[in-house]
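**Q** File model-v2.txt follows (compact mmCIF, C-alpha atoms):
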# COMPACT_ATOMS: atom_id res chain seq x y z
CA MET W 1 0.00 0.00 0.00
CA ILE W 2 2.68 2.50 1.10
CA ARG W 3 6.10 2.19 -0.48
CA LYS W 4 9.33 4.15 -0.36
CA LEU W 5 10.83 5.52 -3.56
CA GLU W 6 14.39 6.80 -3.56
CA TYR W 7 15.02 10.02 -5.45
CA ASN W 8 16.29 8.33 -8.61
CA LYS W 9 13.20 6.10 -8.73
CA ILE W 10 10.61 8.91 -8.53
CA HIS W 11 8.43 9.54 -11.58
CA PHE W 12 8.55 13.32 -11.28
CA GLY W 13 5.81 13.84 -13.85
CA LYS W 14 3.37 11.81 -11.76
CA TYR W 15 4.66 13.43 -8.58
CA ALA W 16 4.07 16.94 -9.97
CA GLU W 17 0.62 15.96 -11.20
CA CYS W 18 -0.31 14.62 -7.76
CA LEU W 19 0.81 17.89 -6.14
CA ARG W 20 -0.96 20.01 -8.75
CA ASN W 21 -4.29 18.20 -8.27
CA SER W 22 -3.98 17.85 -4.51
CA GLN W 23 -6.36 19.29 -1.96
CA GLN W 24 -3.40 20.32 0.22
CA LYS W 25 -1.28 22.30 -2.30
CA ASN W 26 2.03 23.34 -0.78
CA TRP W 27 4.92 25.36 -2.20
CA TYR W 28 7.59 23.44 -0.29
CA ALA W 29 6.73 20.01 -1.69
CA ARG W 30 7.73 20.97 -5.24
CA LYS W 31 10.74 19.20 -6.70
CA GLU W 32 12.74 22.36 -7.42
CA ILE W 33 12.18 23.71 -3.90
CA LEU W 34 13.12 20.47 -2.14
CA ASP W 35 16.12 20.06 -4.43
CA HIS W 36 17.35 23.43 -3.21
CA LEU W 37 16.37 23.29 0.48
CA SER W 38 17.05 19.61 1.08
CA GLY W 39 19.35 17.99 -1.42
CA ASN W 40 18.65 14.62 0.26
CA TRP W 41 15.03 13.62 -0.08
CA HIS W 42 12.78 10.88 -1.36
CA ILE W 43 9.05 10.09 -1.18
CA LEU W 44 6.53 7.68 0.22
CA VAL W 45 3.83 6.88 -2.32
CA TYR W 46 0.36 5.33 -2.07
CA ASN W 47 -0.65 3.08 -4.98
CA ASP W 48 0.10 4.75 -8.35
CA TYR W 49 0.80 8.25 -7.00
CA GLU W 50 -2.71 8.60 -5.55
CA ALA W 51 -0.99 10.20 -2.55
CA VAL W 52 2.63 11.21 -1.95
CA MET W 53 4.69 12.29 1.05
CA PRO W 54 8.15 13.87 0.64
CA ILE W 55 10.77 12.96 3.25
CA HIS W 56 13.93 14.97 3.98
CA ILE W 57 16.86 13.08 5.52
CA GLN W 58 19.51 14.80 7.62
CA LYS W 59 22.50 13.34 9.40
CA LYS W 60 22.76 14.11 13.11
CA MET W 61 25.23 12.53 15.51
CA GLY W 62 26.37 10.29 12.65
CA ILE W 63 22.88 8.83 12.14
CA ASN W 64 20.32 9.55 9.40
CA PHE W 65 17.09 11.09 10.70
CA VAL W 66 13.88 12.40 9.20
CA HIS W 67 13.93 16.15 9.72
CA MET W 68 12.58 19.34 8.12
CA PRO W 69 14.81 21.40 5.84
CA LEU W 70 15.73 24.85 7.11
CA PHE W 71 13.11 27.47 6.05
CA CYS W 72 10.54 24.74 5.26
CA GLN W 73 7.43 24.99 7.46
CA GLN W 74 5.18 22.16 6.26
CA LEU W 75 5.41 19.07 4.08
CA GLY W 76 3.07 16.14 4.73
CA ILE W 77 0.74 14.13 2.51
CA PHE W 78 -0.71 15.28 -0.81
CA SER W 79 -3.76 13.71 -2.44
CA LYS W 80 -6.79 14.67 -4.49
CA ILE W 81 -9.06 14.15 -1.47
CA ASP W 82 -7.61 14.12 2.04
CA ASN W 83 -8.23 10.70 3.60
CA PRO W 84 -7.44 10.33 7.34
CA GLU W 85 -7.29 6.53 6.99
CA VAL W 86 -4.67 6.69 4.22
CA ASN W 87 -2.84 9.47 6.09
CA GLN W 88 -2.69 7.22 9.14
CA CYS W 89 -0.99 4.54 7.01
CA PHE W 90 1.64 7.09 5.97
CA LEU W 91 2.11 8.15 9.59
CA ASN W 92 2.48 4.56 10.78
CA PHE W 93 5.00 3.83 8.03
CA LEU W 94 6.97 6.94 8.98
CA THR W 95 7.17 6.17 12.69
CA GLU W 96 7.83 2.45 12.23
CA LYS W 97 10.43 2.59 9.44
CA TYR W 98 12.39 5.76 10.26
CA ARG W 99 14.19 7.55 13.05
CA VAL W 100 12.09 10.73 13.18
CA PHE W 101 13.80 13.78 14.61
CA PHE W 102 11.08 16.25 13.54
CA TYR W 103 8.49 16.20 10.78
CA THR W 104 5.56 18.52 10.09
CA PHE W 105 2.51 17.60 8.08
CA ASN W 106 0.34 20.27 6.43
CA ASP W 107 -2.84 21.95 7.62
CA GLY W 108 -4.92 19.91 5.16
CA ASN W 109 -3.96 16.55 6.66
CA GLY W 110 -6.34 14.76 9.02
CA PHE W 111 -5.43 11.64 11.03
CA GLU W 112 -7.11 8.93 13.06
CA ASP W 113 -4.52 9.46 15.81
CA HIS W 114 -4.26 12.74 17.70
CA LEU W 115 -1.13 14.69 16.76
CA GLU W 116 0.44 17.63 18.51
CA LYS W 117 -0.24 20.82 16.60
CA LYS W 118 1.58 23.97 15.57
CA LYS W 119 -0.17 27.18 14.58
CA ASN W 120 -0.22 28.99 11.27
CA TYR W 121 -2.26 32.02 10.20
CA ILE W 122 -3.65 32.76 6.74
CA ILE W 123 -5.82 35.53 5.31
CA PRO W 124 -7.89 34.15 2.41
CA VAL W 125 -8.45 36.18 -0.74
CA SER W 126 -10.70 39.04 0.41
CA GLU W 127 -11.98 42.48 -0.44
CA TYR W 128 -9.47 44.77 1.27
CA PRO W 129 -11.94 47.47 2.46
CA LEU W 130 -14.18 44.80 3.98
CA LEU W 131 -11.22 42.98 5.56
CA ARG W 132 -9.94 46.17 7.17
CA ARG W 133 -13.37 47.29 8.34
CA LYS W 134 -14.65 43.96 9.63
CA LYS W 135 -11.62 41.85 10.55
CA TYR W 136 -8.83 44.20 11.72
CA PHE W 137 -8.60 44.61 15.48
CA LYS W 138 -9.46 48.11 16.65
CA GLY W 139 -5.94 48.65 17.97
CA ARG W 140 -4.40 47.54 14.68
CA LYS W 141 -6.50 50.04 12.76
CA SER W 142 -5.20 52.78 15.05
CA THR W 143 -1.60 51.65 14.70
CA VAL W 144 -1.83 51.59 10.91
CA LYS W 145 -3.43 55.04 10.89
CA ALA W 146 -0.63 56.42 13.07
CA ALA W 147 2.00 55.18 10.60
CA GLN W 148 0.74 56.96 7.50
CA HIS W 149 3.78 59.26 7.50
CA LEU W 150 5.72 56.25 6.15
CA THR W 151 5.96 55.26 2.48
CA TYR W 152 5.63 51.84 0.87
CA GLN W 153 7.95 50.59 -1.84
CA GLU W 154 8.75 47.25 -3.44
CA ILE W 155 12.49 46.95 -3.83
CA GLU W 156 15.03 44.95 -5.80
CA PHE W 157 16.97 42.06 -4.34
CA GLY W 158 20.58 43.15 -4.12
CA ALA W 159 23.41 44.24 -1.86
CA ALA W 160 21.42 46.90 0.03
CA ALA W 161 18.56 44.51 0.76
CA LEU W 162 20.95 41.75 1.83
CA ASP W 163 22.75 44.14 4.19
CA PHE W 164 19.44 45.10 5.85
CA ILE W 165 18.39 41.45 6.11
CA LYS W 166 21.68 40.33 7.65
CA ASN W 167 21.60 43.11 10.23
CA ASN W 168 17.96 42.67 11.23
CA PHE W 169 16.85 39.06 10.62
CA LYS W 170 16.28 37.41 14.01
CA GLY W 171 17.09 33.78 14.77
CA LEU W 172 20.02 33.17 12.43
CA THR W 173 22.68 32.58 15.07
CA LYS W 174 25.00 30.53 12.86
CA GLU W 175 26.89 31.89 9.88
CA LYS W 176 26.04 28.77 7.88
CA ASP W 177 22.32 29.47 8.45
CA TRP W 178 22.77 32.99 7.09
CA GLU W 179 24.52 31.56 4.02
CA LYS W 180 21.62 29.14 3.50
CA LEU W 181 19.10 31.98 3.73
CA LYS W 182 21.11 34.15 1.33
CA ASN W 183 21.36 31.28 -1.16
CA TYR W 184 17.65 30.54 -0.84
CA LEU W 185 16.72 34.17 -1.46
CA SER W 186 19.02 34.23 -4.50
CA PHE W 187 17.35 31.05 -5.76
CA LEU W 188 13.88 32.58 -5.32
CA SER W 189 14.97 35.79 -7.03
CA GLU W 190 16.41 33.91 -9.99
CA ASN W 191 13.08 32.05 -10.32
CA ASN W 192 11.02 35.27 -10.07
CA THR W 193 9.23 34.16 -6.91
CA LEU W 194 10.83 36.52 -4.38
CA LYS W 195 9.05 39.73 -3.44
CA LEU W 196 10.58 42.38 -1.16
CA ALA W 197 8.43 45.17 0.24
CA GLY W 198 9.75 47.95 2.44
CA ALA W 199 8.50 50.71 4.70
CA PHE W 200 10.53 53.91 4.51
CA SER W 201 10.82 56.83 6.90
CA GLY W 202 12.04 59.56 4.60
CA ASN W 203 14.81 57.86 2.63
CA THR W 204 15.57 55.31 5.36
CA LEU W 205 14.41 51.71 5.06
CA ILE W 206 12.99 50.80 8.48
CA ASN W 207 11.04 47.60 7.79
CA LEU W 208 11.38 44.87 5.20
CA ALA W 209 9.07 41.96 4.33
CA LEU W 210 10.52 38.91 2.55
CA MET W 211 7.83 36.97 0.69
CA VAL W 212 7.46 34.01 -1.62
CA SER W 213 5.10 35.02 -4.41
CA ASP W 214 3.24 31.98 -5.72
CA THR W 215 0.39 31.97 -8.23
CA ASP W 216 -2.35 32.43 -5.66
CA GLN W 217 -0.55 33.13 -2.37
CA LEU W 218 2.05 35.35 -0.74
CA SER W 219 4.00 33.63 2.05
CA LEU W 220 5.92 35.68 4.62
CA LEU W 221 9.47 34.41 5.06
CA GLY W 222 10.54 37.24 7.32
CA LEU W 223 9.48 40.63 8.65
CA MET W 224 12.41 42.73 9.83
CA ASN W 225 12.45 45.90 11.89
CA HIS W 226 15.20 48.49 12.18
CA GLU W 227 15.82 48.69 15.93
CA GLN W 228 16.14 52.49 15.96
CA HIS W 229 12.73 52.96 14.32
CA LYS W 230 10.56 50.44 16.21
CA GLU W 231 8.28 53.17 17.55
CA GLU W 232 7.16 54.20 14.05
CA ASN W 233 4.85 51.15 13.65
CA GLY W 234 6.46 50.24 10.34
CA ALA W 235 5.54 46.53 10.60
CA SER W 236 1.83 47.30 10.88
CA PHE W 237 2.04 49.84 8.07
CA LEU W 238 3.89 47.40 5.82
CA ILE W 239 1.53 44.43 6.26
CA ASP W 240 -1.46 46.69 5.72
CA LYS W 241 -0.02 48.04 2.47
CA ILE W 242 0.81 44.55 1.20
CA LEU W 243 -2.76 43.44 1.91
CA GLN W 244 -4.10 46.55 0.22
CA GLU W 245 -2.07 45.71 -2.89
CA TYR W 246 -2.58 41.95 -3.14
CA ILE W 247 -5.28 40.40 -0.93
CA ALA W 248 -7.93 40.72 -3.65
CA VAL W 249 -6.03 38.21 -5.80
CA LYS W 250 -3.69 36.31 -3.45
CA SER W 251 -4.13 34.87 0.03
CA PHE W 252 -1.54 35.88 2.62
CA ASN W 253 0.28 33.21 4.62
CA PHE W 254 1.95 34.53 7.79
CA MET W 255 3.93 31.25 8.25
CA GLY W 256 3.46 30.84 12.04
CA SER W 257 3.76 31.45 14.97
CA ASN W 258 3.34 29.83 18.41
CA ILE W 259 4.87 32.88 20.12
CA ARG W 260 1.99 34.76 21.76
CA GLY W 261 2.95 38.31 20.77
CA ILE W 262 3.56 37.39 17.14
CA GLU W 263 0.40 35.31 17.05
CA VAL W 264 -1.69 38.26 18.24
CA PHE W 265 -0.04 40.49 15.63
CA PHE W 266 -1.09 38.10 12.86
CA LYS W 267 -4.63 37.70 14.20
CA SER W 268 -5.04 41.47 14.44
CA PHE W 269 -5.16 41.67 10.62
CA GLY W 270 -8.02 39.19 10.47
CA ALA W 271 -5.88 36.11 9.85
CA GLU W 272 -7.46 32.70 10.38
CA LEU W 273 -5.88 29.91 12.42
CA ARG W 274 -4.71 26.88 10.40
CA GLU W 275 -3.16 24.25 12.67
CA TYR W 276 -0.91 21.50 11.33
CA GLY W 277 0.26 18.30 12.99
CA PHE W 278 3.81 17.21 13.70
CA VAL W 279 5.83 14.36 15.15
CA GLU W 280 9.13 14.73 16.93
CA ASN W 281 11.56 12.95 19.21
CA LYS W 282 11.75 15.27 22.22
CA PHE W 283 14.64 13.31 23.75
CA LEU W 284 16.79 13.75 20.64
CA LYS W 285 15.87 17.44 20.28
CA ARG W 286 17.41 18.18 23.68
CA PHE W 287 20.78 17.20 22.28
CA ALA W 288 20.47 18.84 18.86
Can you dump the structure from the file as structure tokens?

**A**
Amino acid sequence: MIRKLEYNKIHFGKYAECLRNSQQKNWYARKEILDHLSGNWHILVYNDYEAVMPIHIQKKMGINFVHMPLFCQQLGIFSKIDNPEVNQCFLNFLTEKYRVFFYTFNDGNGFEDHLEKKKNYIIPVSEYPLLRRKKYFKGRKSTVKAAQHLTYQEIEFGAAALDFIKNNFKGLTKEKDWEKLKNYLSFLSENNTLKLAGAFSGNTLINLALMVSDTDQLSLLGLMNHEQHKEENGASFLIDKILQEYIAVKSFNFMGSNIRGIEVFFKSFGAELREYGFVENKFLKRFA
């Protein structure tokens, strides 16, 4: 029923067709994205590509583990109609046949077993005036209004943008992680899927949003603030302007988070909660 296919055995035409027709569509499951972010992946497949599940393998402590590639939020199972019974077979195969360090499914996957959940927030395609009037929190409306002295501009990916990102992107404590992010952004730029939007105070860039621009969705990779201009509410101004420009034709994926303050920020724009399941080995994660 469920079988493992190594990379060189995958029929990528059938794989792409399964993803394209799937109920759970996901940017990160695409071959070109996994080739770049992973470099060591294969799939589990149900029957003749009725459902597929990409698996990234990473070596830790000299042992191969299932893990998630850096900058990849969700993978999981892709099928024309989500089937919790079939998904459970994938899950059982995963936990019985692999050493699982950490693996996230997608928000379209249901299971017979209860899984721990992480939070994601998405704004569906909407009419911007209605979204702002009906769904924005009162405090967010006020914050956006107070930031109208700022200007919005979409900017080119280049040395100036990279310098701002490196100086203000939080969470990249290792130089090799910064190099991976820089290479990923270059890859996205070369494939015309990277969008950079900035908030300016005068001529000074004070906030920058990094986004993946897919056919029908914008996904937020990072939202950076210049520390000396935090009081100017640039983050609120910037998200509002992006929604004003694009929400009528593309949904907006905030890509997280479980951190309370960030979660409230996302919800304050009318974003809807989309939880997704995950499995992990908590004992191993303590030593990672």

**Q** Give as a VMD selection string the set of residues within 7 Å of the point (7.1, 21.9, 4.9), where distances use the file's coordinates and all atoms listed in the file.

**A** chain W and resid 28 to 29 68 72 to 75 104

**Q** Do a neighbour search on stretch 136-147 of chain W at 9 Å with only C-alpha atoms, toss out local chain neighbours closer than 6 positions, and write the hits as a VMD selection string.

**A** chain W and resid 232 to 238 240 265 267 to 271

**Q** Could you take the residues named above and write them with C-alpha atoms, as an mmCIF file, in the coordinates of the input?

**A**
data_model
loop_
_atom_site.group_PDB
_atom_site.id
_atom_site.type_symbol
_atom_site.label_atom_id
_atom_site.label_comp_id
_atom_site.auth_asym_id
_atom_site.auth_seq_id
_atom_site.Cartn_x
_atom_site.Cartn_y
_atom_site.Cartn_z
ATOM 1 C CA GLU W 232 7.160 54.200 14.050
ATOM 2 C CA ASN W 233 4.850 51.150 13.650
ATOM 3 C CA GLY W 234 6.460 50.240 10.340
ATOM 4 C CA ALA W 235 5.540 46.530 10.600
ATOM 5 C CA SER W 236 1.830 47.300 10.880
ATOM 6 C CA PHE W 237 2.040 49.840 8.070
ATOM 7 C CA LEU W 238 3.890 47.400 5.820
ATOM 8 C CA ASP W 240 -1.460 46.690 5.720
ATOM 9 C CA PHE W 265 -0.040 40.490 15.630
ATOM 10 C CA LYS W 267 -4.630 37.700 14.200
ATOM 11 C CA SER W 268 -5.040 41.470 14.440
ATOM 12 C CA PHE W 269 -5.160 41.670 10.620
ATOM 13 C CA GLY W 270 -8.020 39.190 10.470
ATOM 14 C CA ALA W 271 -5.880 36.110 9.850
#

**Q** Compare W:His67, W:His36, W:Arg3, W:Lys31 by their minimum atom-to-atom distance to W:Phe278, counting all atoms listed in the file, and give me the closest one.

**A**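 For W:Phe278, the nearest of the candidates is W:His67.
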
**Q** Please compute the atom CA of W:Ser126-atom CA of W:Ile262 distance, one decimal, in Å.

**A**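 Between atom CA of W:Ser126 and atom CA of W:Ile262 the gap works out to 22.0 Å.
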
**Q** Name the closest residue to W:Leu19 among the candidates W:Val264, W:Leu34, W:Met1, W:Val52; distances are taken between atoms, counting all atoms listed in the file.

**A**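 Selected residue with least distance to W:Leu19: W:Val52.
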
**Q** What is the atom CA of W:Ala161 to atom CA of W:Tyr128 distance in Å?

**A**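 About the pair atom CA of W:Ala161 and atom CA of W:Tyr128: they are 28.0 Å apart.
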
**Q** Any idea what's packed within 8 Å of stretch 250-255 of chain W, counting only C-alpha atoms, ignoring anything in its chain fewer than 4 positions away? Could you give it as a list in words?

**A**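 Close residues of stretch 250-255 of chain W: Gln73, Asn120, Tyr121, Ile122, Ile123, Pro124, Val125, Ser126, Thr215, Asp216, Gln217, Leu218, Ser219, Leu220, Leu221, Leu243, Tyr246 and Phe266 of chain W.
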
**Q** At a cut-off of 10 Å, using all atoms listed in the file, what residues contact W:Asn192? Leave out same-chain residues fewer than 3 positions from it and give the result as a list in words.

**A** Ser186, Phe187, Leu188, Ser189, Lys195, Val212, Ser213 and Asp214 of chain W

**Q** For the residues in that selection, give me C-alpha atoms as a PDB file, in the frame of the given file.

**A**
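Wrote part25.pdb, looks like this:
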ATOM      1  CA  SER W 186      19.020  34.230  -4.500  1.00  0.00           C
ATOM      2  CA  PHE W 187      17.350  31.050  -5.760  1.00  0.00           C
ATOM      3  CA  LEU W 188      13.880  32.580  -5.320  1.00  0.00           C
ATOM      4  CA  SER W 189      14.970  35.790  -7.030  1.00  0.00           C
ATOM      5  CA  LYS W 195       9.050  39.730  -3.440  1.00  0.00           C
ATOM      6  CA  VAL W 212       7.460  34.010  -1.620  1.00  0.00           C
ATOM      7  CA  SER W 213       5.100  35.020  -4.410  1.00  0.00           C
ATOM      8  CA  ASP W 214       3.240  31.980  -5.720  1.00  0.00           C
TER       9      ASP W 214
END

**Q** So the first atom is atom CA of W:Tyr49 and the second is atom CA of W:Asn87; what is the distance between them in Å, to one decimal place?

**A** 13.6 Å

**Q** Neighbours of W:Cys18 within 10 Å (all atoms listed in the file; same-chain residues fewer than 5 positions away dropped), as an MDAnalysis selection string?

**A** chainID W and resid 12:13 23 25 48:52 78:80

**Q** With distances taken over only C-alpha atoms, which residue among W:Leu185, W:Tyr98, W:Arg132, W:Leu194 lies nearest W:Ile247?

**A**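 The answer is W:Arg132, which sits nearest to W:Ile247.
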
**Q** Using only C-alpha atoms, determine which residues lie at most 10 Å from W:Glu227, disregarding the query and same-chain residues fewer than 4 positions distant; provide the list as an MDAnalysis selection string.

**A** chainID W and resid 167:168 206:207 231

**Q** Restricting the output to C-alpha atoms, write the selected residues as a PDB file, keeping the file's coordinate frame.

**A**
ATOM      1  CA  ASN W 167      21.600  43.110  10.230  1.00  0.00           C
ATOM      2  CA  ASN W 168      17.960  42.670  11.230  1.00  0.00           C
ATOM      3  CA  ILE W 206      12.990  50.800   8.480  1.00  0.00           C
ATOM      4  CA  ASN W 207      11.040  47.600   7.790  1.00  0.00           C
ATOM      5  CA  GLU W 231       8.280  53.170  17.550  1.00  0.00           C
TER       6      GLU W 231
END

**Q** Choose the residue, out of W:Phe164, W:Tyr15, W:Phe105, W:Tyr184, that has the smallest atom-to-atom separation from W:His226; count all atoms listed in the file.

**A** W:Phe164

**Q** Find, counting all atoms listed in the file, the residue in W:Ser201, W:Asn191, W:Asn92, W:Asn258 that gets nearest to W:Thr151.

**A**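 Result for the nearest residue to W:Thr151: W:Ser201.
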
**Q** Measuring between all atoms listed in the file, which one of W:Ala160, W:Leu94, W:Ile77, W:Ile155 shows the shortest distance to W:Leu210?

**A**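 Nearest candidate to W:Leu210 out of W:Ala160, W:Leu94, W:Ile77, W:Ile155: W:Ile155.
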
**Q** For stretch 173-200 of chain W, which lacks atoms in the input, supply N, CA and C atoms and format the output as a PDB file, keeping the file's coordinate frame.

**A**
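Resulting contents of out-v3.pdb:
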ATOM      1  N   THR W 173      21.529  32.446  14.169  1.00  0.00           N
ATOM      2  CA  THR W 173      22.680  32.580  15.070  1.00  0.00           C
ATOM      3  C   THR W 173      23.963  32.024  14.469  1.00  0.00           C
ATOM      4  N   LYS W 174      23.832  31.148  13.466  1.00  0.00           N
ATOM      5  CA  LYS W 174      25.000  30.530  12.860  1.00  0.00           C
ATOM      6  C   LYS W 174      25.271  31.136  11.490  1.00  0.00           C
ATOM      7  N   GLU W 175      26.532  31.330  11.183  1.00  0.00           N
ATOM      8  CA  GLU W 175      26.890  31.890   9.880  1.00  0.00           C
ATOM      9  C   GLU W 175      26.425  30.996   8.749  1.00  0.00           C
ATOM     10  N   LYS W 176      26.468  29.671   8.952  1.00  0.00           N
ATOM     11  CA  LYS W 176      26.040  28.770   7.880  1.00  0.00           C
ATOM     12  C   LYS W 176      24.541  28.896   7.606  1.00  0.00           C
ATOM     13  N   ASP W 177      23.757  29.257   8.651  1.00  0.00           N
ATOM     14  CA  ASP W 177      22.320  29.470   8.450  1.00  0.00           C
ATOM     15  C   ASP W 177      22.074  30.737   7.629  1.00  0.00           C
ATOM     16  N   TRP W 178      22.877  31.771   7.883  1.00  0.00           N
ATOM     17  CA  TRP W 178      22.770  32.990   7.090  1.00  0.00           C
ATOM     18  C   TRP W 178      23.108  32.702   5.626  1.00  0.00           C
ATOM     19  N   GLU W 179      24.143  31.897   5.389  1.00  0.00           N
ATOM     20  CA  GLU W 179      24.520  31.560   4.020  1.00  0.00           C
ATOM     21  C   GLU W 179      23.403  30.783   3.333  1.00  0.00           C
ATOM     22  N   LYS W 180      22.734  29.893   4.076  1.00  0.00           N
ATOM     23  CA  LYS W 180      21.620  29.140   3.500  1.00  0.00           C
ATOM     24  C   LYS W 180      20.467  30.059   3.136  1.00  0.00           C
ATOM     25  N   LEU W 181      20.175  31.029   4.023  1.00  0.00           N
ATOM     26  CA  LEU W 181      19.100  31.980   3.730  1.00  0.00           C
ATOM     27  C   LEU W 181      19.460  32.819   2.503  1.00  0.00           C
ATOM     28  N   LYS W 182      20.673  33.315   2.452  1.00  0.00           N
ATOM     29  CA  LYS W 182      21.110  34.150   1.330  1.00  0.00           C
ATOM     30  C   LYS W 182      21.011  33.364   0.015  1.00  0.00           C
ATOM     31  N   ASN W 183      21.428  32.107   0.041  1.00  0.00           N
ATOM     32  CA  ASN W 183      21.360  31.280  -1.160  1.00  0.00           C
ATOM     33  C   ASN W 183      19.919  30.998  -1.557  1.00  0.00           C
ATOM     34  N   TYR W 184      19.064  30.799  -0.556  1.00  0.00           N
ATOM     35  CA  TYR W 184      17.650  30.540  -0.840  1.00  0.00           C
ATOM     36  C   TYR W 184      16.988  31.766  -1.451  1.00  0.00           C
ATOM     37  N   LEU W 185      17.285  32.939  -0.903  1.00  0.00           N
ATOM     38  CA  LEU W 185      16.720  34.170  -1.460  1.00  0.00           C
ATOM     39  C   LEU W 185      17.214  34.395  -2.891  1.00  0.00           C
ATOM     40  N   SER W 186      18.481  34.099  -3.144  1.00  0.00           N
ATOM     41  CA  SER W 186      19.020  34.230  -4.500  1.00  0.00           C
ATOM     42  C   SER W 186      18.305  33.267  -5.446  1.00  0.00           C
ATOM     43  N   PHE W 187      18.076  32.056  -4.977  1.00  0.00           N
ATOM     44  CA  PHE W 187      17.350  31.050  -5.760  1.00  0.00           C
ATOM     45  C   PHE W 187      15.936  31.532  -6.094  1.00  0.00           C
ATOM     46  N   LEU W 188      15.240  32.070  -5.091  1.00  0.00           N
ATOM     47  CA  LEU W 188      13.880  32.580  -5.320  1.00  0.00           C
ATOM     48  C   LEU W 188      13.895  33.748  -6.292  1.00  0.00           C
ATOM     49  N   SER W 189      14.870  34.632  -6.139  1.00  0.00           N
ATOM     50  CA  SER W 189      14.970  35.790  -7.030  1.00  0.00           C
ATOM     51  C   SER W 189      15.214  35.355  -8.467  1.00  0.00           C
ATOM     52  N   GLU W 190      16.106  34.401  -8.645  1.00  0.00           N
ATOM     53  CA  GLU W 190      16.410  33.910  -9.990  1.00  0.00           C
ATOM     54  C   GLU W 190      15.191  33.260 -10.644  1.00  0.00           C
ATOM     55  N   ASN W 191      14.285  32.705  -9.809  1.00  0.00           N
ATOM     56  CA  ASN W 191      13.080  32.050 -10.320  1.00  0.00           C
ATOM     57  C   ASN W 191      11.855  32.954 -10.276  1.00  0.00           C
ATOM     58  N   ASN W 192      12.093  34.258 -10.046  1.00  0.00           N
ATOM     59  CA  ASN W 192      11.020  35.270 -10.070  1.00  0.00           C
ATOM     60  C   ASN W 192       9.895  34.985  -9.088  1.00  0.00           C
ATOM     61  N   THR W 193      10.239  34.442  -7.935  1.00  0.00           N
ATOM     62  CA  THR W 193       9.230  34.160  -6.910  1.00  0.00           C
ATOM     63  C   THR W 193       9.511  34.891  -5.598  1.00  0.00           C
ATOM     64  N   LEU W 194      10.517  35.739  -5.579  1.00  0.00           N
ATOM     65  CA  LEU W 194      10.830  36.520  -4.380  1.00  0.00           C
ATOM     66  C   LEU W 194      10.252  37.919  -4.513  1.00  0.00           C
ATOM     67  N   LYS W 195       9.568  38.366  -3.470  1.00  0.00           N
ATOM     68  CA  LYS W 195       9.050  39.730  -3.440  1.00  0.00           C
ATOM     69  C   LYS W 195       9.535  40.400  -2.151  1.00  0.00           C
ATOM     70  N   LEU W 196      10.116  41.588  -2.298  1.00  0.00           N
ATOM     71  CA  LEU W 196      10.580  42.380  -1.160  1.00  0.00           C
ATOM     72  C   LEU W 196       9.782  43.668  -1.100  1.00  0.00           C
ATOM     73  N   ALA W 197       9.189  43.933   0.054  1.00  0.00           N
ATOM     74  CA  ALA W 197       8.430  45.170   0.240  1.00  0.00           C
ATOM     75  C   ALA W 197       8.964  45.880   1.474  1.00  0.00           C
ATOM     76  N   GLY W 198       9.164  47.196   1.348  1.00  0.00           N
ATOM     77  CA  GLY W 198       9.750  47.950   2.440  1.00  0.00           C
ATOM     78  C   GLY W 198       8.911  49.131   2.881  1.00  0.00           C
ATOM     79  N   ALA W 199       9.065  49.483   4.157  1.00  0.00           N
ATOM     80  CA  ALA W 199       8.500  50.710   4.700  1.00  0.00           C
ATOM     81  C   ALA W 199       9.654  51.683   4.920  1.00  0.00           C
ATOM     82  N   PHE W 200       9.470  52.914   4.439  1.00  0.00           N
ATOM     83  CA  PHE W 200      10.530  53.910   4.510  1.00  0.00           C
ATOM     84  C   PHE W 200      10.076  55.095   5.364  1.00  0.00           C
TER      85      PHE W 200
END
